[in-house]
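**Student:** Pasting input.pdb below, which is PDB, C-alpha atoms, pLDDT in the B column.
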ATOM      1  CA  MET A   1     -86.070 150.152 -44.920  1.00 48.00           C
ATOM      2  CA  ALA A   2     -87.463 151.420 -48.235  1.00 47.00           C
ATOM      3  CA  ARG A   3     -84.763 149.612 -50.179  1.00 50.00           C
ATOM      4  CA  ARG A   4     -85.579 146.302 -48.507  1.00 51.00           C
ATOM      5  CA  GLY A   5     -89.250 146.840 -49.286  1.00 52.00           C
ATOM      6  CA  ASN A   6     -88.482 147.437 -52.988  1.00 53.00           C
ATOM      7  CA  GLY A   7     -86.381 144.289 -53.075  1.00 50.00           C
ATOM      8  CA  ARG A   8     -89.226 142.202 -51.679  1.00 51.00           C
ATOM      9  CA  ARG A   9     -91.585 143.715 -54.230  1.00 51.00           C
ATOM     10  CA  ARG A  10     -89.197 142.932 -57.100  1.00 50.00           C
ATOM     11  CA  ARG A  11     -88.855 139.346 -55.933  1.00 51.00           C
ATOM     12  CA  ARG A  12     -92.655 138.973 -55.787  1.00 54.00           C
ATOM     13  CA  ASP A  13     -92.980 140.422 -59.290  1.00 53.00           C
ATOM     14  CA  ASN A  14     -90.516 137.895 -60.818  1.00 56.00           C
ATOM     15  CA  PRO A  15     -92.157 134.491 -61.485  1.00 58.00           C
ATOM     16  CA  PRO A  16     -90.139 131.541 -60.125  1.00 72.00           C
ATOM     17  CA  ILE A  17     -87.886 129.908 -62.703  1.00 79.00           C
ATOM     18  CA  LEU A  18     -89.379 126.502 -61.954  1.00 77.00           C
ATOM     19  CA  LEU A  19     -92.869 127.790 -62.704  1.00 77.00           C
ATOM     20  CA  LEU A  20     -91.707 129.233 -66.023  1.00 75.00           C
ATOM     21  CA  ALA A  21     -90.074 125.925 -66.919  1.00 74.00           C
ATOM     22  CA  LEU A  22     -93.256 124.009 -66.119  1.00 79.00           C
ATOM     23  CA  VAL A  23     -95.348 126.381 -68.190  1.00 74.00           C
ATOM     24  CA  GLY A  24     -92.899 126.070 -71.080  1.00 73.00           C
ATOM     25  CA  CYS A  25     -93.013 122.267 -70.906  1.00 78.00           C
ATOM     26  CA  ALA A  26     -96.798 122.312 -70.828  1.00 78.00           C
ATOM     27  CA  VAL A  27     -96.960 124.590 -73.873  1.00 75.00           C
ATOM     28  CA  ALA A  28     -94.470 122.412 -75.775  1.00 73.00           C
ATOM     29  CA  LEU A  29     -96.375 119.243 -74.871  1.00 77.00           C
ATOM     30  CA  ALA A  30     -99.637 120.781 -75.992  1.00 80.00           C
ATOM     31  CA  ALA A  31     -98.036 121.779 -79.300  1.00 75.00           C
ATOM     32  CA  VAL A  32     -96.729 118.249 -79.828  1.00 71.00           C
ATOM     33  CA  VAL A  33    -100.127 116.711 -79.063  1.00 77.00           C
ATOM     34  CA  GLU A  34    -101.823 119.146 -81.439  1.00 76.00           C
ATOM     35  CA  PHE A  35     -99.328 118.331 -84.204  1.00 73.00           C
ATOM     36  CA  VAL A  36     -99.776 114.566 -83.733  1.00 72.00           C
ATOM     37  CA  GLN A  37    -103.545 114.884 -83.876  1.00 77.00           C
ATOM     38  CA  ALA A  38    -103.457 117.115 -86.939  1.00 79.00           C
ATOM     39  CA  HIS A  39    -100.724 115.242 -88.834  1.00 74.00           C
ATOM     40  CA  PRO A  40    -100.537 111.614 -87.655  1.00 76.00           C
ATOM     41  CA  GLY A  41     -98.601 110.489 -90.714  1.00 77.00           C
ATOM     42  CA  TRP A  42     -95.912 113.120 -90.298  1.00 77.00           C
ATOM     43  CA  ALA A  43     -95.776 112.426 -86.577  1.00 67.00           C
ATOM     44  CA  ALA A  44     -95.177 108.713 -87.204  1.00 72.00           C
ATOM     45  CA  ALA A  45     -92.447 109.509 -89.720  1.00 71.00           C
ATOM     46  CA  VAL A  46     -90.697 111.893 -87.334  1.00 70.00           C
ATOM     47  CA  ALA A  47     -90.942 109.331 -84.513  1.00 69.00           C
ATOM     48  CA  ALA A  48     -89.463 106.649 -86.757  1.00 72.00           C
ATOM     49  CA  LEU A  49     -86.592 108.931 -87.744  1.00 71.00           C
ATOM     50  CA  LEU A  50     -85.885 109.807 -84.132  1.00 73.00           C
ATOM     51  CA  ALA A  51     -85.958 106.135 -83.139  1.00 72.00           C
ATOM     52  CA  ALA A  52     -83.640 105.216 -86.002  1.00 70.00           C
ATOM     53  CA  GLY A  53     -81.269 108.016 -85.064  1.00 74.00           C
ATOM     54  CA  LEU A  54     -81.236 106.907 -81.431  1.00 72.00           C
ATOM     55  CA  ALA A  55     -80.636 103.276 -82.376  1.00 71.00           C
ATOM     56  CA  GLY A  56     -77.888 104.271 -84.776  1.00 72.00           C
ATOM     57  CA  GLY A  57     -76.240 106.388 -82.099  1.00 69.00           C
ATOM     58  CA  LEU A  58     -76.320 103.508 -79.620  1.00 62.00           C
ATOM     59  CA  VAL A  59     -74.836 101.097 -82.167  1.00 62.00           C
ATOM     60  CA  LEU A  60     -72.092 103.588 -83.001  1.00 59.00           C
ATOM     61  CA  ARG A  61     -71.301 104.071 -79.311  1.00 61.00           C
ATOM     62  CA  VAL A  62     -71.047 100.304 -78.760  1.00 56.00           C
ATOM     63  CA  ARG A  63     -68.747  99.938 -81.764  1.00 65.00           C
ATOM     64  CA  LEU A  64     -66.522 102.767 -80.557  1.00 61.00           C
ATOM     65  CA  ILE A  65     -66.261 101.168 -77.120  1.00 65.00           C
ATOM     66  CA  GLU A  66     -65.446  97.789 -78.660  1.00 64.00           C
ATOM     67  CA  ALA A  67     -62.822  99.327 -80.964  1.00 64.00           C
ATOM     68  CA  ARG A  68     -61.213 101.179 -78.045  1.00 72.00           C
ATOM     69  CA  ARG A  69     -61.176  97.962 -76.009  1.00 63.00           C
ATOM     70  CA  ALA A  70     -59.607  96.010 -78.893  1.00 68.00           C
ATOM     71  CA  ARG A  71     -56.865  98.627 -79.257  1.00 73.00           C
ATOM     72  CA  PHE A  72     -56.194  98.567 -75.531  1.00 65.00           C
ATOM     73  CA  LEU A  73     -55.955  94.776 -75.440  1.00 68.00           C
ATOM     74  CA  ALA A  74     -53.737  94.592 -78.520  1.00 66.00           C
ATOM     75  CA  ALA A  75     -51.415  97.260 -77.129  1.00 63.00           C
ATOM     76  CA  ASN A  76     -50.921  95.427 -73.832  1.00 63.00           C
ATOM     77  CA  ALA A  77     -51.187  91.744 -74.740  1.00 67.00           C
ATOM     78  CA  GLN A  78     -47.468  91.222 -75.301  1.00 81.00           C
ATOM     79  CA  LEU A  79     -45.996  89.504 -72.262  1.00 86.00           C
ATOM     80  CA  GLU A  80     -43.075  91.921 -72.047  1.00 88.00           C
ATOM     81  CA  LYS A  81     -45.597  94.757 -71.661  1.00 90.00           C
ATOM     82  CA  VAL A  82     -47.676  92.788 -69.162  1.00 91.00           C
ATOM     83  CA  ASP A  83     -44.525  92.377 -67.058  1.00 92.00           C
ATOM     84  CA  ARG A  84     -44.248  96.166 -66.760  1.00 91.00           C
ATOM     85  CA  LEU A  85     -47.833  96.683 -65.587  1.00 92.00           C
ATOM     86  CA  THR A  86     -48.748  97.417 -62.002  1.00 93.00           C
ATOM     87  CA  GLY A  87     -51.100  95.078 -60.205  1.00 91.00           C
ATOM     88  CA  GLY A  88     -54.006  97.481 -60.757  1.00 92.00           C
ATOM     89  CA  GLN A  89     -53.222  97.870 -64.454  1.00 93.00           C
ATOM     90  CA  PHE A  90     -53.097  94.102 -64.836  1.00 95.00           C
ATOM     91  CA  GLU A  91     -56.516  93.817 -63.213  1.00 95.00           C
ATOM     92  CA  GLN A  92     -57.869  96.426 -65.644  1.00 93.00           C
ATOM     93  CA  LEU A  93     -56.426  94.464 -68.572  1.00 94.00           C
ATOM     94  CA  VAL A  94     -58.073  91.248 -67.370  1.00 96.00           C
ATOM     95  CA  ALA A  95     -61.376  93.072 -66.782  1.00 95.00           C
ATOM     96  CA  GLU A  96     -61.380  94.432 -70.351  1.00 93.00           C
ATOM     97  CA  ARG A  97     -60.693  90.946 -71.738  1.00 94.00           C
ATOM     98  CA  LEU A  98     -63.624  89.580 -69.744  1.00 95.00           C
ATOM     99  CA  ARG A  99     -65.902  92.275 -71.195  1.00 94.00           C
ATOM    100  CA  ALA A 100     -64.662  91.458 -74.685  1.00 91.00           C
ATOM    101  CA  ASP A 101     -65.492  87.797 -73.995  1.00 91.00           C
ATOM    102  CA  GLY A 102     -69.104  88.729 -73.253  1.00 91.00           C
ATOM    103  CA  PHE A 103     -69.010  88.857 -69.456  1.00 95.00           C
ATOM    104  CA  ARG A 104     -71.405  91.309 -67.824  1.00 95.00           C
ATOM    105  CA  GLN A 105     -71.349  93.234 -64.537  1.00 96.00           C
ATOM    106  CA  VAL A 106     -67.553  93.126 -64.566  1.00 96.00           C
ATOM    107  CA  THR A 107     -66.441  94.865 -61.374  1.00 95.00           C
ATOM    108  CA  GLN A 108     -62.892  95.465 -60.201  1.00 93.00           C
ATOM    109  CA  ARG A 109     -62.617  95.170 -56.434  1.00 88.00           C
ATOM    110  CA  GLY A 110     -58.881  94.613 -55.947  1.00 68.00           C
ATOM    111  CA  GLY A 111     -57.162  96.283 -53.027  1.00 70.00           C
ATOM    112  CA  SER A 112     -57.310  96.036 -49.266  1.00 65.00           C
ATOM    113  CA  GLY A 113     -60.303  94.050 -48.126  1.00 65.00           C
ATOM    114  CA  ASP A 114     -60.857  92.305 -51.456  1.00 69.00           C
ATOM    115  CA  LEU A 115     -60.936  88.917 -49.665  1.00 77.00           C
ATOM    116  CA  GLY A 116     -58.691  87.358 -52.275  1.00 84.00           C
ATOM    117  CA  VAL A 117     -60.856  88.225 -55.284  1.00 94.00           C
ATOM    118  CA  ASP A 118     -59.888  91.093 -57.588  1.00 95.00           C
ATOM    119  CA  ILE A 119     -62.766  90.996 -60.112  1.00 96.00           C
ATOM    120  CA  VAL A 120     -66.306  89.641 -60.091  1.00 96.00           C
ATOM    121  CA  ALA A 121     -68.346  89.113 -63.252  1.00 97.00           C
ATOM    122  CA  VAL A 122     -71.320  87.285 -64.694  1.00 96.00           C
ATOM    123  CA  ALA A 123     -71.240  85.130 -67.808  1.00 93.00           C
ATOM    124  CA  PRO A 124     -74.762  85.031 -69.316  1.00 87.00           C
ATOM    125  CA  GLY A 125     -76.133  81.529 -68.969  1.00 87.00           C
ATOM    126  CA  ARG A 126     -73.101  80.346 -67.004  1.00 89.00           C
ATOM    127  CA  GLY A 127     -73.406  82.113 -63.672  1.00 94.00           C
ATOM    128  CA  ARG A 128     -71.079  84.181 -61.511  1.00 96.00           C
ATOM    129  CA  TYR A 129     -67.302  84.270 -61.681  1.00 96.00           C
ATOM    130  CA  ALA A 130     -64.675  85.354 -59.159  1.00 96.00           C
ATOM    131  CA  ILE A 131     -61.303  86.260 -60.641  1.00 97.00           C
ATOM    132  CA  GLN A 132     -57.950  86.581 -58.906  1.00 96.00           C
ATOM    133  CA  CYS A 133     -55.148  88.340 -60.788  1.00 95.00           C
ATOM    134  CA  LYS A 134     -51.484  87.630 -60.060  1.00 94.00           C
ATOM    135  CA  ARG A 135     -49.135  89.912 -61.984  1.00 93.00           C
ATOM    136  CA  TYR A 136     -46.137  87.825 -60.935  1.00 90.00           C
ATOM    137  CA  THR A 137     -42.665  87.379 -62.345  1.00 84.00           C
ATOM    138  CA  LYS A 138     -42.150  84.658 -59.760  1.00 87.00           C
ATOM    139  CA  LYS A 139     -44.159  81.447 -59.499  1.00 93.00           C
ATOM    140  CA  VAL A 140     -47.563  81.222 -57.835  1.00 95.00           C
ATOM    141  CA  GLY A 141     -47.286  78.825 -54.921  1.00 95.00           C
ATOM    142  CA  ALA A 142     -49.709  76.394 -53.329  1.00 95.00           C
ATOM    143  CA  PRO A 143     -50.577  78.792 -50.446  1.00 95.00           C
ATOM    144  CA  GLU A 144     -51.924  81.369 -52.909  1.00 94.00           C
ATOM    145  CA  VAL A 145     -54.055  78.727 -54.615  1.00 95.00           C
ATOM    146  CA  ARG A 146     -55.347  77.430 -51.274  1.00 94.00           C
ATOM    147  CA  ASN A 147     -56.262  80.949 -50.141  1.00 93.00           C
ATOM    148  CA  PHE A 148     -58.186  81.548 -53.353  1.00 95.00           C
ATOM    149  CA  LEU A 149     -60.004  78.221 -53.007  1.00 95.00           C
ATOM    150  CA  GLY A 150     -60.895  79.198 -49.448  1.00 93.00           C
ATOM    151  CA  ALA A 151     -62.505  82.412 -50.723  1.00 93.00           C
ATOM    152  CA  LEU A 152     -64.458  80.404 -53.310  1.00 94.00           C
ATOM    153  CA  ALA A 153     -65.667  77.994 -50.639  1.00 92.00           C
ATOM    154  CA  ASN A 154     -66.833  80.721 -48.279  1.00 91.00           C
ATOM    155  CA  THR A 155     -67.376  84.373 -49.240  1.00 92.00           C
ATOM    156  CA  PHE A 156     -67.695  83.611 -52.952  1.00 94.00           C
ATOM    157  CA  ALA A 157     -69.508  80.304 -52.751  1.00 93.00           C
ATOM    158  CA  GLY A 158     -71.371  79.578 -55.983  1.00 93.00           C
ATOM    159  CA  HIS A 159     -68.819  81.409 -58.132  1.00 95.00           C
ATOM    160  CA  THR A 160     -66.578  79.771 -60.691  1.00 95.00           C
ATOM    161  CA  GLY A 161     -63.014  80.713 -59.850  1.00 96.00           C
ATOM    162  CA  VAL A 162     -60.539  82.065 -62.393  1.00 96.00           C
ATOM    163  CA  LEU A 163     -56.885  82.477 -61.463  1.00 97.00           C
ATOM    164  CA  VAL A 164     -55.014  84.593 -64.015  1.00 97.00           C
ATOM    165  CA  THR A 165     -51.271  85.013 -63.674  1.00 96.00           C
ATOM    166  CA  SER A 166     -48.472  86.406 -65.782  1.00 95.00           C
ATOM    167  CA  GLY A 167     -46.228  83.781 -64.192  1.00 94.00           C
ATOM    168  CA  HIS A 168     -46.455  80.043 -63.668  1.00 95.00           C
ATOM    169  CA  LEU A 169     -47.780  77.790 -60.943  1.00 96.00           C
ATOM    170  CA  THR A 170     -45.448  75.614 -58.952  1.00 96.00           C
ATOM    171  CA  LYS A 171     -45.924  71.868 -59.242  1.00 95.00           C
ATOM    172  CA  GLN A 172     -47.649  71.755 -55.855  1.00 96.00           C
ATOM    173  CA  ALA A 173     -49.896  74.677 -56.800  1.00 96.00           C
ATOM    174  CA  ARG A 174     -50.943  72.832 -59.953  1.00 95.00           C
ATOM    175  CA  THR A 175     -51.807  69.815 -57.826  1.00 95.00           C
ATOM    176  CA  GLU A 176     -53.915  71.999 -55.511  1.00 93.00           C
ATOM    177  CA  ALA A 177     -55.729  73.524 -58.507  1.00 94.00           C
ATOM    178  CA  ALA A 178     -56.375  70.159 -60.155  1.00 92.00           C
ATOM    179  CA  ALA A 179     -57.803  68.727 -56.908  1.00 91.00           C
ATOM    180  CA  ALA A 180     -60.088  71.701 -56.204  1.00 90.00           C
ATOM    181  CA  ARG A 181     -63.669  70.869 -55.336  1.00 88.00           C
ATOM    182  CA  GLN A 182     -64.849  74.266 -56.566  1.00 85.00           C
ATOM    183  CA  PRO A 183     -64.947  74.997 -60.326  1.00 87.00           C
ATOM    184  CA  LEU A 184     -61.594  76.550 -61.132  1.00 93.00           C
ATOM    185  CA  ILE A 185     -59.961  77.856 -64.319  1.00 94.00           C
ATOM    186  CA  VAL A 186     -56.264  78.688 -64.334  1.00 95.00           C
ATOM    187  CA  VAL A 187     -54.700  80.930 -66.986  1.00 95.00           C
ATOM    188  CA  GLU A 188     -50.908  80.806 -66.805  1.00 95.00           C
ATOM    189  CA  ARG A 189     -48.266  82.687 -68.725  1.00 93.00           C
ATOM    190  CA  ASP A 190     -48.162  80.257 -71.640  1.00 89.00           C
ATOM    191  CA  GLY A 191     -51.829  80.892 -72.437  1.00 92.00           C
ATOM    192  CA  LEU A 192     -52.171  84.474 -71.237  1.00 93.00           C
ATOM    193  CA  ALA A 193     -51.174  86.304 -74.415  1.00 88.00           C
ATOM    194  CA  ASP A 194     -53.431  84.137 -76.596  1.00 91.00           C
ATOM    195  CA  TRP A 195     -56.367  84.806 -74.271  1.00 92.00           C
ATOM    196  CA  LEU A 196     -55.723  88.548 -74.117  1.00 90.00           C
ATOM    197  CA  LEU A 197     -55.676  88.671 -77.931  1.00 86.00           C
ATOM    198  CA  GLY A 198     -58.860  86.609 -78.168  1.00 86.00           C
ATOM    199  CA  ARG A 199     -57.154  83.600 -79.745  1.00 87.00           C
ATOM    200  CA  ALA A 200     -58.069  81.356 -76.782  1.00 88.00           C
ATOM    201  CA  ALA A 201     -61.432  81.165 -75.006  1.00 86.00           C
ATOM    202  CA  LEU A 202     -61.972  81.279 -71.281  1.00 86.00           C
ATOM    203  CA  LEU A 203     -65.301  79.475 -71.637  1.00 78.00           C
ATOM    204  CA  PRO A 204     -66.483  76.785 -71.391  1.00 63.00           C
ATOM    205  CA  PRO A 205     -65.043  76.329 -67.900  1.00 48.00           C
ATOM    206  CA  SER A 206     -62.241  73.853 -67.437  1.00 43.00           C
ATOM    207  CA  ARG A 207     -60.852  72.526 -64.187  1.00 46.00           C
ATOM    208  CA  ARG A 208     -57.410  72.006 -65.674  1.00 44.00           C
ATOM    209  CA  PRO A 209     -54.710  74.715 -65.877  1.00 46.00           C
ATOM    210  CA  TRP A 210     -53.865  75.970 -69.344  1.00 48.00           C
TER
END
How does this structure look as structure tokens?

**Tutor:**
Amino acid sequence: MARRGNGRRRRRDNPPILLLALVGCAVALAAVVEFVQAHPGWAAAVAALLAAGLAGGLVLRVRLIEARRARFLAANAQLEKVDRLTGGQFEQLVAERLRADGFRQVTQRGGSGDLGVDIVAVAPGRGRYAIQCKRYTKKVGAPEVRNFLGALANTFAGHTGVLVTSGHLTKQARTEAAAARQPLIVVERDGLADWLLGRAALLPPSRRPW
């Protein structure tokens, strides 16, 4: 019983860590306020240096991300390498190209329950895009195009459709794509490598296959 009593007394004697942290923050804030009031010029200079350092760090981070993306795209843009990718890896490659092209909110959603759309993205000033990726060695047939157009007409109404394939469309599939009522861009094998390397632009939208 005595030991339990001593333990309770020790716990009461130790200030809570949260309280100590709050007191420390208050003391530090008071010191900062006092310094700013006493030395406004120095305070402004320190603030400017901190802001410049933060901005420089953000710029450096963006450049590192862009350089990493460029290396990734260059390493995988060759069609013989694309042919060895899994479906998920191909979707990642397309998503990185979209980001490099200036698309925002690029989200991979491929898999079960994707409703025929593997990636969604937003092009500033141009609206929302729904992208289907077909890492095919065979040809993309008319049924695949019709299914994608059905998704664009219903679940993804208001999106511009982009069908990206490492293969080719059949003649009938090309006819289906050309007659689509929804905005539709088709990137086939012949134009895929140029797009992945940034030598061809996805925008402005075109209703005709590449």

**Student:** As an exercise, work out the distance from atom CA of A:Glu188 to atom CA of A:Thr165 in Å and give it to one decimal place.

**Tutor:**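 The value is 5.3 Å.
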
**Student:** Excluding A:Pro124 and residues on its chain fewer than 6 positions from it, collect all residues at most 10 Å away from it, counting all atoms listed in the file, and give them as a ChimeraX atom specification.

**Tutor:** /A:102-104

**Student:** Quick one, how far is atom CA of A:Arg126 from atom CA of A:Phe156?

**Tutor:**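 Value for the atom CA of A:Arg126-atom CA of A:Phe156 distance: 15.4 Å.
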
**Student:** Compile the contact shell of stretch 82-85 of chain A as a PDB file with C-alpha atoms, keeping the file's coordinate frame: residues with an atom at most 8 Å away, counting all atoms listed in the file, same-chain residues fewer than 6 positions apart removed.

**Tutor:**
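Result file is out_1.pdb:
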ATOM      1  CA  ASN A  76     -50.921  95.427 -73.832  1.00 63.00           C
ATOM      2  CA  ARG A 135     -49.135  89.912 -61.984  1.00 93.00           C
ATOM      3  CA  TYR A 136     -46.137  87.825 -60.935  1.00 90.00           C
ATOM      4  CA  THR A 137     -42.665  87.379 -62.345  1.00 84.00           C
ATOM      5  CA  SER A 166     -48.472  86.406 -65.782  1.00 95.00           C
TER       6      SER A 166
END

**Student:** Which residues match the PyMOL selection byres ((chain A and resi 122) around 7) in the file above, as a list of chain:residue names?

**Tutor:**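 Expected selection for the PyMOL selection byres ((chain A and resi 122) around 7) here is A:Phe103, A:Arg104, A:Gln105, A:Val106, A:Ala121, A:Ala123, A:Pro124, A:Gly127, A:Arg128, A:Tyr129.
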
**Student:** Can you work out which one of A:Ala100, A:Ala130, A:Gln172, A:Gln108 has the shortest atom-to-atom distance to A:Arg68, counting only C-alpha atoms?

**Tutor:**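 The answer is A:Ala100, which sits nearest to A:Arg68.
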
**Student:** For the file shown, report as a list in words the outcome of the PyMOL selection byres ((chain A and resi 89) around 12) at residue level.

**Tutor:**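 Here the PyMOL selection byres ((chain A and resi 89) around 12) matches Phe72, Leu73, Asn76, Lys81, Val82, Asp83, Arg84, Leu85, Thr86, Gly87, Gly88, Phe90, Glu91, Gln92, Leu93, Val94, Ala95, Glu96, Gln108, Gly110, Asp118, Cys133, Lys134 and Arg135 of chain A.
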
**Student:** For a cutoff of 10 Å around the file-coordinate point (-64.3, 79.6, -58.8), which residues qualify once you count all atoms listed in the file? I'd like the result as a list in words.

**Tutor:**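 Residues found, by chain and rising number: Val117, Arg128, Tyr129, Ala130, Ile131, Gln132, Phe148, Leu149, Gly150, Ala151, Leu152, Ala153, Phe156, Ala157, Gly158, His159, Thr160, Gly161, Val162, Leu163, Ala180, Arg181, Gln182, Pro183, Leu184, Ile185, Val186, Pro205 and Arg207 of chain A.
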
**Student:** Could you tell me how far atom CA of A:Leu192 sits from atom CA of A:Pro143, in Å to one decimal place?

**Tutor:**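 One can read the atom CA of A:Pro143 to atom CA of A:Leu192 distance as 21.6 Å.
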
**Student:** Quick check on the file I pasted: which residues fall under the PyMOL selection byres ((chain A and resi 138-141) around 6)? Write them as a VMD selection string.

**Tutor:** chain A and resid 136 to 137 142 to 144 167 to 170 173

**Student:** Could you write those residues out with C-alpha atoms, as a PDB file, in the coordinates of the input?

**Tutor:**
ATOM      1  CA  TYR A 136     -46.137  87.825 -60.935  1.00 90.00           C
ATOM      2  CA  THR A 137     -42.665  87.379 -62.345  1.00 84.00           C
ATOM      3  CA  ALA A 142     -49.709  76.394 -53.329  1.00 95.00           C
ATOM      4  CA  PRO A 143     -50.577  78.792 -50.446  1.00 95.00           C
ATOM      5  CA  GLU A 144     -51.924  81.369 -52.909  1.00 94.00           C
ATOM      6  CA  GLY A 167     -46.228  83.781 -64.192  1.00 94.00           C
ATOM      7  CA  HIS A 168     -46.455  80.043 -63.668  1.00 95.00           C
ATOM      8  CA  LEU A 169     -47.780  77.790 -60.943  1.00 96.00           C
ATOM      9  CA  THR A 170     -45.448  75.614 -58.952  1.00 96.00           C
ATOM     10  CA  ALA A 173     -49.896  74.677 -56.800  1.00 96.00           C
TER      11      ALA A 173
END

**Student:** Quick one: what's the axis-aligned box for stretch 34-46 of chain A, all listed atoms, 6 Å on every side, centre and edges in Å to one decimal, as AutoDock Vina command-line options?

**Tutor:**
--center_x -97.1 --center_y 113.9 --center_z -86.1 --size_x 24.8 --size_y 22.4 --size_z 21.3
